[in-house]
>>> print(open('final_35.txt').read())   # compact mmCIF, C-alpha atoms
# COMPACT_ATOMS: atom_id res chain seq x y z
CA MET A 1 -7.98 12.56 31.87
CA TYR A 2 -9.45 12.76 28.38
CA THR A 3 -12.37 15.18 28.26
CA LEU A 4 -15.37 14.30 26.16
CA PRO A 5 -16.44 16.97 23.70
CA PRO A 6 -19.54 18.94 24.78
CA SER A 7 -22.63 17.13 23.63
CA SER A 8 -24.79 18.97 21.15
CA GLY A 9 -26.73 15.92 20.10
CA PRO A 10 -25.45 13.09 17.95
CA LYS A 11 -24.07 14.08 14.58
CA ARG A 12 -25.06 10.68 13.29
CA SER A 13 -28.69 9.89 14.10
CA PRO A 14 -29.25 6.37 15.36
CA ARG A 15 -31.35 4.21 13.08
CA ASN A 16 -32.41 2.19 16.10
CA THR A 17 -32.24 2.56 19.82
CA PHE A 18 -29.55 0.40 21.40
CA SER A 19 -30.87 -1.37 24.45
CA SER A 20 -28.44 -1.95 27.31
CA ARG A 21 -28.76 -4.12 30.36
CA GLY A 22 -28.60 -2.90 33.88
CA PRO A 23 -25.55 -3.13 36.15
CA ARG A 24 -24.51 -6.50 37.55
CA SER A 25 -24.03 -7.28 41.18
CA ALA A 26 -20.44 -7.01 42.37
CA GLY A 27 -18.41 -10.15 41.95
CA ALA A 28 -20.87 -11.89 39.63
CA ARG A 29 -19.31 -13.78 36.74
CA PRO A 30 -20.56 -12.26 33.48
CA SER A 31 -22.03 -14.81 31.09
CA THR A 32 -20.62 -14.95 27.58
CA GLY A 33 -23.98 -14.03 26.13
CA ALA A 34 -24.66 -10.89 28.15
CA SER A 35 -24.08 -7.30 27.09
CA ARG A 36 -22.61 -4.83 29.56
CA PHE A 37 -22.91 -1.67 27.48
CA GLY A 38 -24.29 1.34 29.25
CA ALA A 39 -23.83 -0.04 32.76
CA PRO A 40 -22.41 2.71 34.97
CA ARG A 41 -20.22 0.24 36.84
CA ARG A 42 -19.13 -3.30 36.00
CA ALA A 43 -17.98 -6.15 38.14
CA PRO A 44 -14.20 -6.60 38.11
CA TYR A 45 -13.00 -8.91 35.39
CA GLN A 46 -12.78 -12.58 36.29
CA SER A 47 -10.42 -14.66 34.21
CA ASN A 48 -11.65 -17.98 32.89
CA SER A 49 -8.59 -18.72 30.80
CA ARG A 50 -7.71 -22.38 30.57
CA GLY A 51 -4.10 -21.48 29.99
CA PRO A 52 -1.46 -20.57 32.58
CA GLN A 53 -2.42 -17.73 34.90
CA ARG A 54 -1.06 -14.39 33.83
CA ARG A 55 0.21 -11.96 36.38
CA SER A 56 -2.20 -9.48 37.87
CA PHE A 57 -1.54 -5.78 38.23
CA GLY A 58 -2.95 -3.77 41.08
CA GLY A 59 -3.61 -6.83 43.23
CA GLY A 60 -6.46 -9.29 43.09
CA SER A 61 -8.29 -11.98 44.94
CA ARG A 62 -9.18 -15.52 44.02
CA GLY A 63 -12.37 -15.71 42.08
CA GLY A 64 -14.17 -17.83 39.52
CA ARG A 65 -12.99 -21.16 38.14
CA GLY A 66 -9.30 -21.15 39.02
CA GLY A 67 -8.93 -17.50 38.06
CA TYR A 68 -8.48 -14.14 39.71
CA THR A 69 -10.65 -11.13 40.20
CA LYS A 70 -8.38 -8.43 38.80
CA GLN A 71 -8.38 -4.68 38.99
CA LEU A 72 -5.69 -2.81 37.11
CA ASP A 73 -4.38 0.49 38.45
CA ILE A 74 -5.82 3.08 36.06
CA SER A 75 -2.63 5.15 36.28
CA LEU A 76 -1.12 2.51 33.99
CA PHE A 77 -3.37 3.82 31.21
CA VAL A 78 -2.10 7.42 31.36
CA ASN A 79 1.15 8.20 29.60
CA LYS A 80 1.70 11.21 27.38
CA ALA A 81 3.44 10.71 24.07
CA VAL A 82 7.04 11.85 23.79
CA GLU A 83 8.01 13.70 20.66
CA VAL A 84 10.64 11.73 18.76
CA VAL A 85 13.62 14.00 18.17
CA GLU A 86 16.72 13.07 16.20
CA THR A 87 19.66 13.21 18.61
CA GLU A 88 23.05 11.64 19.02
CA ASN A 89 21.26 8.87 20.94
CA HIS A 90 19.00 8.03 18.00
CA PHE A 91 19.45 4.43 16.89
CA LEU A 92 22.09 3.96 14.23
CA PRO A 93 22.16 0.41 12.83
CA GLU A 94 25.48 -1.40 12.69
CA HIS A 95 24.48 -2.91 9.35
CA SER A 96 22.61 -2.04 6.20
CA PHE A 97 20.62 -4.64 4.31
CA ALA A 98 23.34 -4.51 1.68
CA ASP A 99 25.87 -5.60 4.34
CA PHE A 100 24.10 -8.85 5.16
CA GLN A 101 25.51 -11.94 3.46
CA ILE A 102 22.26 -12.81 1.74
CA ASP A 103 21.22 -13.62 -1.83
CA GLU A 104 21.43 -10.61 -4.15
CA ARG A 105 17.92 -11.26 -5.48
CA LEU A 106 16.59 -11.07 -1.95
CA LYS A 107 18.42 -7.79 -1.39
CA LYS A 108 16.71 -6.34 -4.45
CA ASN A 109 13.29 -7.47 -3.19
CA ILE A 110 13.98 -5.87 0.21
CA LEU A 111 14.74 -2.56 -1.48
CA LYS A 112 11.61 -2.84 -3.64
CA LYS A 113 9.55 -3.20 -0.47
CA GLY A 114 10.91 0.15 0.67
CA TYR A 115 13.16 -1.13 3.47
CA SER A 116 16.03 1.30 3.78
CA ALA A 117 17.77 0.43 7.06
CA PRO A 118 17.24 -2.37 9.58
CA THR A 119 15.26 -1.74 12.75
CA PRO A 120 17.05 -2.54 16.03
CA ILE A 121 15.67 -6.10 16.26
CA GLN A 122 16.52 -6.74 12.60
CA ASP A 123 19.99 -5.25 12.95
CA ARG A 124 20.87 -7.44 15.92
CA ALA A 125 19.00 -10.66 15.13
CA ILE A 126 19.63 -11.21 11.42
CA PRO A 127 23.41 -11.81 11.68
CA HIS A 128 22.94 -14.46 14.40
CA ILE A 129 20.16 -16.21 12.45
CA LEU A 130 22.31 -16.23 9.32
CA HIS A 131 25.00 -18.01 11.37
CA GLY A 132 22.51 -20.68 12.45
CA LYS A 133 22.20 -19.59 16.07
CA ASP A 134 19.03 -20.15 18.09
CA VAL A 135 17.66 -16.71 18.95
CA VAL A 136 15.33 -15.32 21.60
CA GLY A 137 14.15 -11.89 20.44
CA ILE A 138 12.27 -9.56 22.77
CA ALA A 139 11.04 -6.33 21.20
CA ASN A 140 8.06 -4.00 21.33
CA THR A 141 5.24 -4.71 18.95
CA GLY A 142 5.55 -2.97 15.59
CA THR A 143 9.36 -3.03 15.53
CA GLY A 144 9.90 -5.35 12.58
CA LYS A 145 10.17 -8.77 14.21
CA THR A 146 8.59 -10.54 11.22
CA ALA A 147 11.25 -9.35 8.78
CA ALA A 148 13.92 -10.15 11.38
CA PHE A 149 13.23 -13.85 10.98
CA LEU A 150 11.84 -14.01 7.43
CA ILE A 151 14.82 -12.43 5.68
CA PRO A 152 17.51 -14.83 6.98
CA LEU A 153 15.21 -17.86 6.62
CA ILE A 154 14.37 -17.00 2.99
CA ASP A 155 18.10 -16.74 2.35
CA LYS A 156 18.63 -20.13 4.00
CA VAL A 157 16.02 -21.72 1.72
CA LEU A 158 17.54 -20.05 -1.35
CA LYS A 159 20.89 -21.60 -0.48
CA ASN A 160 19.34 -25.04 0.10
CA LYS A 161 15.95 -25.82 -1.45
CA ASP A 162 15.63 -28.89 0.81
CA GLU A 163 15.26 -26.65 3.87
CA ARG A 164 11.80 -26.52 5.43
CA VAL A 165 10.52 -23.85 7.83
CA LEU A 166 7.63 -24.03 10.28
CA ILE A 167 6.27 -20.72 11.62
CA VAL A 168 3.83 -21.06 14.52
CA VAL A 169 1.67 -18.12 15.64
CA PRO A 170 -1.33 -17.72 17.99
CA THR A 171 -3.96 -16.37 15.57
CA ARG A 172 -5.05 -16.97 12.00
CA GLU A 173 -4.84 -13.23 11.21
CA LEU A 174 -1.18 -13.12 12.19
CA ALA A 175 -0.46 -16.28 10.17
CA ILE A 176 -2.04 -14.75 7.06
CA GLN A 177 -0.17 -11.50 7.60
CA ILE A 178 3.19 -13.31 7.86
CA ASP A 179 2.35 -15.30 4.72
CA GLN A 180 1.66 -12.05 2.86
CA GLU A 181 4.90 -10.55 4.17
CA LEU A 182 6.79 -13.63 2.97
CA LYS A 183 5.32 -13.29 -0.51
CA GLY A 184 6.39 -9.64 -0.53
CA PHE A 185 10.01 -10.60 0.15
CA ALA A 186 10.13 -13.59 -2.20
CA PRO A 187 8.57 -12.79 -5.59
CA ALA A 188 10.18 -14.72 -8.47
CA LEU A 189 12.42 -16.66 -6.07
CA GLY A 190 10.69 -20.02 -6.47
CA ILE A 191 9.68 -20.12 -2.80
CA PHE A 192 6.27 -21.50 -1.85
CA SER A 193 4.25 -21.42 1.34
CA VAL A 194 1.03 -22.77 2.79
CA CYS A 195 -1.07 -21.13 5.50
CA CYS A 196 -2.62 -23.66 7.90
CA VAL A 197 -5.17 -22.04 10.21
CA GLY A 198 -8.36 -22.97 11.97
CA GLY A 199 -11.67 -21.42 11.01
CA ALA A 200 -11.01 -22.25 7.36
CA SER A 201 -11.72 -25.52 5.55
CA ILE A 202 -8.98 -28.05 6.21
CA ILE A 203 -9.42 -29.78 2.84
CA PRO A 204 -7.69 -27.08 0.68
CA GLN A 205 -4.85 -26.97 3.21
CA MET A 206 -4.42 -30.74 3.00
CA ARG A 207 -4.39 -30.43 -0.78
CA GLU A 208 -1.75 -27.67 -0.68
CA LEU A 209 0.47 -29.77 1.58
CA ARG A 210 0.79 -32.39 -1.15
CA HIS A 211 2.92 -29.91 -3.09
CA LEU A 212 6.34 -28.49 -2.30
CA ASN A 213 6.14 -25.78 0.34
CA GLN A 214 9.33 -24.51 1.95
CA PHE A 215 7.35 -22.47 4.47
CA ILE A 216 4.45 -23.77 6.57
CA ILE A 217 2.76 -20.99 8.55
CA GLY A 218 -0.06 -21.67 10.94
CA THR A 219 -1.71 -21.93 14.32
CA PRO A 220 -0.81 -24.73 16.77
CA GLY A 221 -4.18 -26.50 16.83
CA ARG A 222 -4.57 -26.69 13.04
CA ILE A 223 -0.97 -27.81 12.49
CA LYS A 224 -1.44 -30.55 15.10
CA ASP A 225 -4.66 -31.61 13.38
CA LEU A 226 -2.88 -31.88 10.02
CA ILE A 227 -0.13 -33.99 11.56
CA GLU A 228 -2.68 -36.35 13.12
CA ARG A 229 -4.42 -36.65 9.73
CA LYS A 230 -1.07 -37.68 8.19
CA SER A 231 -1.14 -34.66 5.87
CA LEU A 232 1.90 -33.02 7.43
CA ASP A 233 5.22 -34.61 8.35
CA LEU A 234 7.64 -32.45 10.35
CA SER A 235 10.37 -35.10 10.69
CA LYS A 236 12.56 -33.28 8.15
CA THR A 237 11.62 -29.73 9.11
CA ARG A 238 14.73 -28.36 10.81
CA ASN A 239 13.72 -24.70 11.20
CA VAL A 240 10.98 -23.41 13.46
CA VAL A 241 9.82 -19.94 14.50
CA LEU A 242 7.60 -19.46 17.55
CA ASP A 243 6.21 -15.94 17.12
CA GLU A 244 4.19 -14.21 19.86
CA ALA A 245 5.02 -17.19 22.05
CA ASP A 246 3.71 -15.53 25.20
CA ARG A 247 0.28 -15.18 23.62
CA MET A 248 0.27 -18.85 22.61
CA LEU A 249 1.05 -19.72 26.20
CA ASP A 250 -1.77 -17.47 27.46
CA MET A 251 -4.22 -19.08 25.01
CA GLY A 252 -3.47 -22.54 26.38
CA PHE A 253 -1.44 -23.83 23.42
CA ILE A 254 1.42 -25.15 25.55
CA HIS A 255 0.63 -28.84 24.96
CA ASP A 256 0.17 -28.30 21.21
CA MET A 257 3.48 -26.42 21.06
CA LYS A 258 5.28 -29.26 22.84
CA PHE A 259 3.62 -31.78 20.52
CA LEU A 260 4.84 -29.93 17.42
CA MET A 261 8.37 -29.59 18.71
CA ALA A 262 8.47 -33.30 19.52
CA MET A 263 7.57 -34.07 15.88
CA MET A 264 10.66 -32.18 14.65
CA PRO A 265 14.32 -33.28 14.62
CA GLN A 266 16.28 -32.65 17.81
CA ASP A 267 18.95 -30.96 15.72
CA ARG A 268 16.95 -27.97 14.62
CA HIS A 269 17.21 -24.19 14.28
CA THR A 270 14.74 -22.53 16.67
CA LEU A 271 13.78 -18.85 16.75
CA PHE A 272 11.63 -17.46 19.52
CA PHE A 273 10.07 -13.99 19.29
CA SER A 274 7.88 -12.18 21.78
CA ALA A 275 7.07 -8.73 23.10
CA THR A 276 6.96 -9.83 26.75
CA MET A 277 8.85 -12.24 29.00
CA SER A 278 7.68 -14.30 31.96
CA LYS A 279 8.86 -17.24 34.05
CA ASP A 280 6.70 -19.58 31.97
CA ILE A 281 8.29 -18.26 28.79
CA GLU A 282 11.75 -18.73 30.27
CA ARG A 283 10.92 -22.38 30.96
CA LEU A 284 9.79 -22.83 27.35
CA ILE A 285 13.06 -21.33 26.14
CA ASN A 286 15.01 -23.81 28.25
CA ASP A 287 12.93 -26.69 26.85
CA PHE A 288 12.96 -25.71 23.19
CA LEU A 289 16.22 -23.86 22.45
CA LYS A 290 19.91 -24.76 22.66
CA GLU A 291 22.36 -22.11 23.85
CA PRO A 292 20.25 -19.30 22.36
CA VAL A 293 21.43 -15.78 21.72
CA SER A 294 19.15 -13.49 23.72
CA ILE A 295 18.36 -10.15 22.12
CA SER A 296 16.23 -7.51 23.80
CA VAL A 297 15.68 -4.15 22.19
CA LYS A 298 12.68 -3.32 24.34
CA THR A 299 13.20 0.09 25.95
CA ARG A 300 9.80 0.48 27.65
CA ASP A 301 6.46 -1.28 27.82
CA THR A 302 4.65 1.02 25.41
CA ALA A 303 5.81 3.08 22.46
CA LYS A 304 6.88 6.65 23.22
CA ASN A 305 4.71 8.04 20.43
CA ILE A 306 1.38 6.74 21.79
CA ASP A 307 -0.58 9.30 23.78
CA GLN A 308 -2.38 7.32 26.51
CA ASP A 309 -5.27 8.59 28.61
CA ILE A 310 -8.49 7.54 30.32
CA VAL A 311 -12.13 8.41 29.72
CA ARG A 312 -13.78 8.43 33.14
CA MET A 313 -17.47 7.53 33.16
CA LYS A 314 -19.87 9.23 35.54
CA THR A 315 -22.45 7.25 37.46
CA GLY A 316 -25.46 6.68 35.24
CA GLN A 317 -23.70 7.86 32.08
CA ASP A 318 -24.27 5.65 29.04
CA LYS A 319 -21.00 4.27 27.68
CA VAL A 320 -22.22 3.94 24.12
CA ASP A 321 -23.37 7.57 24.11
CA ALA A 322 -19.96 8.62 25.45
CA LEU A 323 -18.22 6.53 22.80
CA HIS A 324 -20.48 8.08 20.15
CA GLU A 325 -19.35 11.57 21.20
CA LEU A 326 -15.70 10.51 20.98
CA LEU A 327 -16.04 8.98 17.54
CA ASN A 328 -17.65 12.18 16.22
CA GLY A 329 -14.28 13.88 16.69
CA ALA A 330 -12.51 14.78 13.47
CA ALA A 331 -9.29 13.00 14.45
CA PHE A 332 -11.00 9.62 14.95
CA ASN A 333 -10.62 8.50 11.36
CA LYS A 334 -9.38 4.89 11.79
CA VAL A 335 -10.25 3.33 15.16
CA ILE A 336 -9.92 -0.09 16.78
CA ILE A 337 -12.21 -0.61 19.76
CA PHE A 338 -11.44 -3.52 22.09
CA GLY A 339 -14.12 -5.30 24.10
CA ARG A 340 -13.93 -8.30 26.40
CA THR A 341 -16.48 -10.78 25.04
CA LYS A 342 -17.41 -12.02 21.58
CA HIS A 343 -21.09 -11.25 22.13
CA GLY A 344 -20.35 -7.81 23.54
CA VAL A 345 -18.13 -6.93 20.59
CA SER A 346 -20.83 -7.96 18.11
CA LYS A 347 -23.48 -5.94 19.97
CA LEU A 348 -21.30 -2.84 20.08
CA ALA A 349 -20.48 -3.01 16.37
CA GLU A 350 -24.19 -3.36 15.59
CA ALA A 351 -25.01 -0.41 17.86
CA LEU A 352 -22.42 1.82 16.18
CA ASP A 353 -23.61 0.75 12.75
CA LYS A 354 -27.18 1.72 13.70
CA ARG A 355 -25.88 5.11 14.82
CA GLY A 356 -24.48 5.75 11.36
CA PHE A 357 -20.84 4.72 11.80
CA LYS A 358 -19.14 2.33 9.39
CA ALA A 359 -18.19 -0.45 11.79
CA GLU A 360 -17.45 -4.18 11.67
CA SER A 361 -16.57 -6.68 14.37
CA ILE A 362 -13.95 -9.42 14.60
CA HIS A 363 -13.89 -12.19 17.19
CA GLY A 364 -13.43 -15.92 17.63
CA ASN A 365 -17.00 -16.89 16.72
CA LYS A 366 -16.67 -15.46 13.23
CA ASN A 367 -15.38 -17.78 10.54
CA HIS A 368 -12.20 -17.25 8.57
CA THR A 369 -13.89 -15.54 5.62
CA GLN A 370 -15.87 -13.14 7.82
CA ARG A 371 -12.79 -12.12 9.82
CA GLN A 372 -10.70 -11.53 6.71
CA ARG A 373 -13.46 -9.52 5.07
CA ALA A 374 -13.73 -7.25 8.11
CA LEU A 375 -9.95 -6.83 8.40
CA ASN A 376 -9.52 -6.04 4.71
CA ALA A 377 -12.38 -3.53 4.77
CA PHE A 378 -10.72 -1.79 7.71
CA LYS A 379 -7.26 -1.82 6.12
CA ASP A 380 -8.66 -0.46 2.84
CA GLY A 381 -10.55 2.37 4.56
CA LYS A 382 -13.99 1.06 3.65
CA ILE A 383 -14.97 1.13 7.31
CA GLN A 384 -13.93 3.57 10.02
CA ILE A 385 -14.17 1.32 13.06
CA LEU A 386 -13.09 -2.24 13.85
CA VAL A 387 -14.56 -3.60 17.10
CA ALA A 388 -12.55 -6.58 18.32
CA THR A 389 -11.74 -8.96 21.11
CA ASP A 390 -8.10 -9.60 21.98
CA VAL A 391 -7.88 -11.81 18.88
CA ALA A 392 -6.82 -8.58 17.09
CA ALA A 393 -4.43 -7.41 19.81
CA ARG A 394 -1.32 -9.26 18.68
CA GLY A 395 0.94 -8.89 15.70
CA LEU A 396 -1.49 -7.33 13.23
CA ASP A 397 0.12 -4.52 11.26
CA ILE A 398 -2.60 -2.16 10.07
CA PRO A 399 -1.25 1.18 8.84
CA ASN A 400 -2.45 4.56 10.11
CA VAL A 401 -4.68 3.48 12.99
CA SER A 402 -5.40 6.83 14.64
CA HIS A 403 -6.90 5.54 17.90
CA VAL A 404 -7.20 2.43 20.01
CA ILE A 405 -10.09 2.54 22.48
CA ASN A 406 -10.39 0.08 25.35
CA PHE A 407 -14.16 -0.01 25.77
CA ASP A 408 -13.62 -2.78 28.33
CA ILE A 409 -10.54 -2.74 30.57
CA PRO A 410 -8.13 -5.51 29.52
CA ALA A 411 -7.53 -8.49 31.81
CA THR A 412 -3.80 -7.82 32.25
CA TYR A 413 -1.31 -5.07 31.59
CA GLU A 414 0.34 -7.28 28.96
CA ASP A 415 -2.98 -7.34 27.08
CA TYR A 416 -3.12 -3.55 27.37
CA ILE A 417 0.37 -3.22 25.88
CA HIS A 418 -0.53 -5.36 22.89
CA ARG A 419 -3.88 -3.70 22.32
CA ILE A 420 -2.51 -0.18 22.14
CA GLY A 421 0.40 -1.39 20.00
CA ARG A 422 -2.01 -1.40 17.04
CA THR A 423 -1.60 2.40 16.86
CA GLY A 424 1.53 4.54 16.76
CA ARG A 425 3.36 2.09 14.51
CA ALA A 426 6.50 2.91 12.53
CA ASN A 427 7.09 6.09 14.58
CA THR A 428 3.72 7.62 13.69
CA LYS A 429 1.69 9.35 16.39
CA GLY A 430 -1.11 7.34 17.98
CA THR A 431 -3.68 7.73 20.74
CA ALA A 432 -4.95 5.11 23.20
CA LEU A 433 -8.01 5.77 25.38
CA THR A 434 -9.40 3.51 28.12
CA PHE A 435 -12.90 3.75 29.58
CA VAL A 436 -12.81 3.53 33.39
CA GLY A 437 -15.14 4.03 36.33
>>> encode(input="final_35.txt", output="structure tokens")
Amino acid sequence: MYTLPPSSGPKRSPRNTFSSRGPRSAGARPSTGASRFGAPRRAPYQSNSRGPQRRSFGGGSRGGRGGYTKQLDISLFVNKAVEVVETENHFLPEHSFADFQIDERLKKNILKKGYSAPTPIQDRAIPHILHGKDVVGIANTGTGKTAAFLIPLIDKVLKNKDERVLIVVPTRELAIQIDQELKGFAPALGIFSVCCVGGASIIPQMRELRHLNQFIIGTPGRIKDLIERKSLDLSKTRNVVLDEADRMLDMGFIHDMKFLMAMMPQDRHTLFFSATMSKDIERLINDFLKEPVSISVKTRDTAKNIDQDIVRMKTGQDKVDALHELLNGAAFNKVIIFGRTKHGVSKLAEALDKRGFKAESIHGNKNHTQRQRALNAFKDGKIQILVATDVAARGLDIPNVSHVINFDIPATYEDYIHRIGRTGRANTKGTALTFVG
């Protein structure tokens, strides 16, 4: 168990006192507008997801509107990091980027980006994609899945400028990140893209779609909206990537995903990437892909180089005070804190800001510009702390995140895996702490 440093009074004096509400009665459904900070004990989480029910860990009973009352086994949150040592079992790729039969200009751009050797998912997936095979790729977060599909698809477009690619992702942040990654691989190659996401004005996106764009990257709801407005025609788009497909399923995008696939030619090239697998995902694979090559390079649920532990709260102890003590530690230099609700995340960010920390929040109620401003400030080191809902738990690649803190216990173990995957990326050391009790 992670031990809080001895309190000698806050190093950062609060500018205002943060007011917390009292504990809730057991089993009560928390309202979306209520703060739980400071409560010594909380009611178990009750899912109100409209999407398919995710599996529960540690058992659970029926509760709420078609959901479950879930309680995760806290032992799942304790796992000491393993020092990565070069041994004879260390991964040795079968290929180098120079070996791949791709355009020489693209090879030069890959080298300029600092890519020296393929990661396991890149090494195994790229050859099959280059040969036009449908691929199901299962790999831990932070293992290079984006480049695994972008590199061969860029090459495909370079060989045939009439090729069109649709990349569908669950969140606008991930769509923007993939678009930026694409631009990093394709400077001076005459390849154009458009990012179609909700939370941003649809008018500029409709305007961009009037021009040639080989790559369309976006979220299911916005892409569906553009199709219904006759601004986007997928009838000649023969390449599609479903990235973080399990998350899209969890978020209730199944009908939108099926709608998009129905708008595309039956004879298409489909790539399916995810960090987790479930029965629902297997059914999607059977519906969407033809004789796919299945590639799994996932060795364990969480990265070996993430030190995982719990912070156990004592009865009556204030959670925000305990968090304050943690964040005063010298090692906590770039921290993502995950909360359960949009309102709670906003309140916590405001509380930390009043206590002298540089903190911003990101959640679904913030518009596109506000979310990007907060993300960029965090990436650029202008703020120390990003407080987020699970909207930031998938796919985002933010370098040098020292700690992930689960201020609220995640709904499922899959959510936990993706949350803590924001630290310990690219074989760096990371720490994940979860408040319990």
>>> atom_distance(input="final_35.txt", atom1="atom CA of A:Lys342", atom2="atom CA of A:Lys354")
18.6 Å
>>> residues_around(input="final_35.txt", residues="A:Leu234", least_positions_apart="4", cutoff="12 Å", atoms="all atoms listed in the file", output="MDAnalysis selection string")
chainID A and resid 163:167 209 214:216 223:224 226:228 230 238:240 259:266 268
>>> atom_distance(input="final_35.txt", atom1="atom CA of A:Leu352", atom2="atom CA of A:Phe77")
24.3 Å
>>> residues_around(input="final_35.txt", residues="stretch 151-157 of chain A", least_positions_apart="6", cutoff="10 Å", atoms="only C-alpha atoms", output="PyMOL selection string")
chain A and resi 97+100-107+110+122+125-132+163-165+182+185-186+189-191+214-215+239-241
>>> residues_around(input="final_35.txt", residues="A:Ile420", least_positions_apart="4", cutoff="9 Å", atoms="only C-alpha atoms", output="PDB file with C-alpha atoms, keeping the file's coordinate frame")
ATOM      1  CA  THR A 302       4.650   1.020  25.410  1.00  0.00           C
ATOM      2  CA  ALA A 303       5.810   3.080  22.460  1.00  0.00           C
ATOM      3  CA  ILE A 306       1.380   6.740  21.790  1.00  0.00           C
ATOM      4  CA  GLN A 308      -2.380   7.320  26.510  1.00  0.00           C
ATOM      5  CA  ALA A 393      -4.430  -7.410  19.810  1.00  0.00           C
ATOM      6  CA  HIS A 403      -6.900   5.540  17.900  1.00  0.00           C
ATOM      7  CA  VAL A 404      -7.200   2.430  20.010  1.00  0.00           C
ATOM      8  CA  ILE A 405     -10.090   2.540  22.480  1.00  0.00           C
ATOM      9  CA  ASN A 406     -10.390   0.080  25.350  1.00  0.00           C
ATOM     10  CA  ASP A 415      -2.980  -7.340  27.080  1.00  0.00           C
ATOM     11  CA  TYR A 416      -3.120  -3.550  27.370  1.00  0.00           C
ATOM     12  CA  GLY A 424       1.530   4.540  16.760  1.00  0.00           C
ATOM     13  CA  GLY A 430      -1.110   7.340  17.980  1.00  0.00           C
ATOM     14  CA  THR A 431      -3.680   7.730  20.740  1.00  0.00           C
ATOM     15  CA  ALA A 432      -4.950   5.110  23.200  1.00  0.00           C
ATOM     16  CA  LEU A 433      -8.010   5.770  25.380  1.00  0.00           C
TER      17      LEU A 433
END
>>> residues_around(input="final_35.txt", residues="stretch 357-364 of chain A", least_positions_apart="4", cutoff="8 Å", atoms="all atoms listed in the file", output="PyMOL selection string")
chain A and resi 12+342+345-346+349-350+352-353+370-371+374-375+382-392
>>> write_last_selection(input="final_35.txt", atoms="C-alpha atoms", output="mmCIF file, in the frame of the given file")
data_model
loop_
_atom_site.group_PDB
_atom_site.id
_atom_site.type_symbol
_atom_site.label_atom_id
_atom_site.label_comp_id
_atom_site.auth_asym_id
_atom_site.auth_seq_id
_atom_site.Cartn_x
_atom_site.Cartn_y
_atom_site.Cartn_z
ATOM 1 C CA ARG A 12 -25.060 10.680 13.290
ATOM 2 C CA LYS A 342 -17.410 -12.020 21.580
ATOM 3 C CA VAL A 345 -18.130 -6.930 20.590
ATOM 4 C CA SER A 346 -20.830 -7.960 18.110
ATOM 5 C CA ALA A 349 -20.480 -3.010 16.370
ATOM 6 C CA GLU A 350 -24.190 -3.360 15.590
ATOM 7 C CA LEU A 352 -22.420 1.820 16.180
ATOM 8 C CA ASP A 353 -23.610 0.750 12.750
ATOM 9 C CA GLN A 370 -15.870 -13.140 7.820
ATOM 10 C CA ARG A 371 -12.790 -12.120 9.820
ATOM 11 C CA ALA A 374 -13.730 -7.250 8.110
ATOM 12 C CA LEU A 375 -9.950 -6.830 8.400
ATOM 13 C CA LYS A 382 -13.990 1.060 3.650
ATOM 14 C CA ILE A 383 -14.970 1.130 7.310
ATOM 15 C CA GLN A 384 -13.930 3.570 10.020
ATOM 16 C CA ILE A 385 -14.170 1.320 13.060
ATOM 17 C CA LEU A 386 -13.090 -2.240 13.850
ATOM 18 C CA VAL A 387 -14.560 -3.600 17.100
ATOM 19 C CA ALA A 388 -12.550 -6.580 18.320
ATOM 20 C CA THR A 389 -11.740 -8.960 21.110
ATOM 21 C CA ASP A 390 -8.100 -9.600 21.980
ATOM 22 C CA VAL A 391 -7.880 -11.810 18.880
ATOM 23 C CA ALA A 392 -6.820 -8.580 17.090
#
>>> atom_distance(input="final_35.txt", atom1="atom CA of A:Val197", atom2="atom CA of A:Lys145")
20.7 Å
